[in-house]
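Input: a single structure, listed below in C-alpha cells.
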Amino acid sequence: YDINMEQLVLEQELGRGNYGTVKKVLHLPTNVEMAMKEIRLELDSTKLNGILMELDILHRAEGSYIVEFYGAFFVESCVYYCMEYMDGGSLASLCCFPNGNVCLPPSLSSSPGSAWTSSPPPLADEHLCRIASSMTHGLEFLKTGLGVMHRDVKPTNVLVNSKGQVKLCDFGVSGQLEKSIAKTNVGCQSYMAPERIKGSSPSGSNMEDAFTSYTVSADVWSLGLSIVEIARGRYPYPPETYENVFAQLSAIVDGEAPGLPEDEEIADEEVEIHTQDNVLYGASPGQSSFMRKGKRRWSPEARDWVRRCLIKNADERATYKELLEHPWIKADRQRSVDMVSWVAKAIEWRDRGGR
Ligand code: ATP
Ligand code: MG
C-alpha cells in the first residue's frame, strides 16, 4: 500500500534500538496491525526519496522467513518503516537474559524477589533446529531472491509470532540508508565476523573501508553466533571492560570460536513443570532423547552445524546451500515441531518480568 502517517493509529512502544523506536500501529484503511520503526536521519528530501526508492524492492520480499514490508514514508527528517507485527517480539527477548553477558545467572542474583529468578523456558534441540533452519532459509532468500546480504544478523533481529513462525527483519536492502545510519558499532555485543573486525580501521577514521571488504559469508558467522547465544541464553563472548575496551573484539579475532554449551542440568522445578508437558518430554522418541531427566543435550549434528558457521577463515565457512543440506537441518523438514507451545511459554516467562 501507499502508507502515510494520517492512516495510522499509534499504539504501544514495542522496543527501542540504537537508531530508533519501534511502535505498534493500526493501519486504518486495512485494519492491519503493523510495527512501525522510526529512524531519525539528518538528510534532505532528495536523499530520503532515494532511500524510499531503494526500500521499494522489499515489496518483492515475500518469503515466509522474512518479516513482510508494508511501506515506508518520511516526515521531516525521519524515515518511518512499516512492517508485519510479530506478536512474540525478538528471540533475544524470549531466550536471553537482559543485558546479555553482564547479567548474573538467577542463582547468583542478589535480589531473589526480582523478576529474574527463573530461566527462560528450555529450548529443545529441535526448537533450536527450527530457528536455525528458518534463519538460514531467510538469509538464502535475501541472497538469491533479492541479491542482498543481511549485514545485521543477531537475536534482536529475529522475530517470532504466536503461530510459531520465525522471521528475519532489519536487513540491509538500502545502501543509502545503511550509510546514513553509519553503524559505529554502538552495541556492546559484536556479531561481526573476524574479517569484518580486521577490515575496519582501528582509529575509526575510515568507516567506509570498515563496511566494504566482506561478503555474504560474514552473515554466516553472525548466524552461527546468534544460534549459540539463543542456545546458551546469553552472548558468548566476554564484555568489553573499562580496562580493556577491545577485550571482546580481540577474543573474536584471536580466540577460539564459541560453540553450543556442554550438556547441562536443568533446574528441578523446570523438569517438574515440563515432565507433565507432552510438548517437551516424551511426546516422541526423537524428542525425549534430547531432554530427559533434567538434562539438556545438544545433538552432535547441531554442534557440527554451528561449528561450520563459526569457522574463522571466511573462505572455509559453510555456504547457505551446505547449511541447508546438513543432516541437522534436513531432519527438520521431516518432523513437525511444536513451536507454538514454546513461543507461548517464552512469552509468558518474559511478561512475568522480562523486557
Ligand atoms: P539495534 O538498534 O542494535 O538494531 P534492535 O534490533 O533491538 O537493536 P530495533 O530494530 O530498533 O533495535 O528494534 C527494537 C525492538 O523492537 C526489537 O528488539 C524488537 O523487540 C521490537 N521489534 C522490532 N520490530 C518488530 C516487529 N516487526 N514486531 C514486533 N516487535 C518488533
Ligand atoms: Mg532490529
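Every chain in the C-alpha cells has a letter given in the order shown (A, B, ...), and although residue numbers restart at 1 in each chain, ligands are simply numbered from 1 in the order shown.
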- Task: Among the residues of range 146-253 of chain A, find those DSSP assigns to alpha helix (DSSP H) from the backbone and print them as a PyMOL selection string.
- Result: chain A and resi 175-181+194-199+207-210+217-232+247-253
Closest atom pairs, chain A residues within 6 Å of ligand 1, only C-alpha atoms and all ligand atoms, as CSV:
```
residue,atom,partner,partner_atom_place_in_ligand_line,distance
A:Leu14,CA,ligand 1,16 (O),4.9
A:Gly15,CA,ligand 1,16 (O),3.6
A:Arg16,CA,ligand 1,14 (C),4.2
A:Gly17,CA,ligand 1,12 (O),3.2
A:Asn18,CA,ligand 1,2 (O),3.7
A:Tyr19,CA,ligand 1,2 (O),5.2
A:Gly20,CA,ligand 1,11 (O),5.2
A:Thr21,CA,ligand 1,11 (O),5.3
A:Val22,CA,ligand 1,16 (O),5.1
A:Ala35,CA,ligand 1,27 (N),4.7
A:Met83,CA,ligand 1,27 (N),5.5
A:Glu84,CA,ligand 1,27 (N),5.2
A:Tyr85,CA,ligand 1,28 (N),4.0
A:Met86,CA,ligand 1,28 (N),3.9
A:Asp87,CA,ligand 1,29 (C),5.7
A:Gly89,CA,ligand 1,30 (N),4.3
A:Ser90,CA,ligand 1,20 (O),4.6
A:Thr156,CA,ligand 1,6 (O),4.5
A:Asn157,CA,ligand 1,6 (O),5.0
A:Gly187,CA,ligand 1,3 (O),5.9
```
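Nearest to Asp254 in chain A of all the residues A:Trp349, A:Ala72, A:Phe97, A:Lys198 is A:Lys198, counting only C-alpha atoms.
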Counting only C-alpha atoms, the residue among A:Ile230, A:Val337, A:Ala193, A:Leu168 that lies closest to Glu62 in chain A is A:Leu168
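For the pair CA of Lys143 in chain A and CA of Glu316 in chain A, the interatomic distance is 18.7 Å.
CA of His59 in chain A lies 29.5 Å from CA of Arg196 in chain A.
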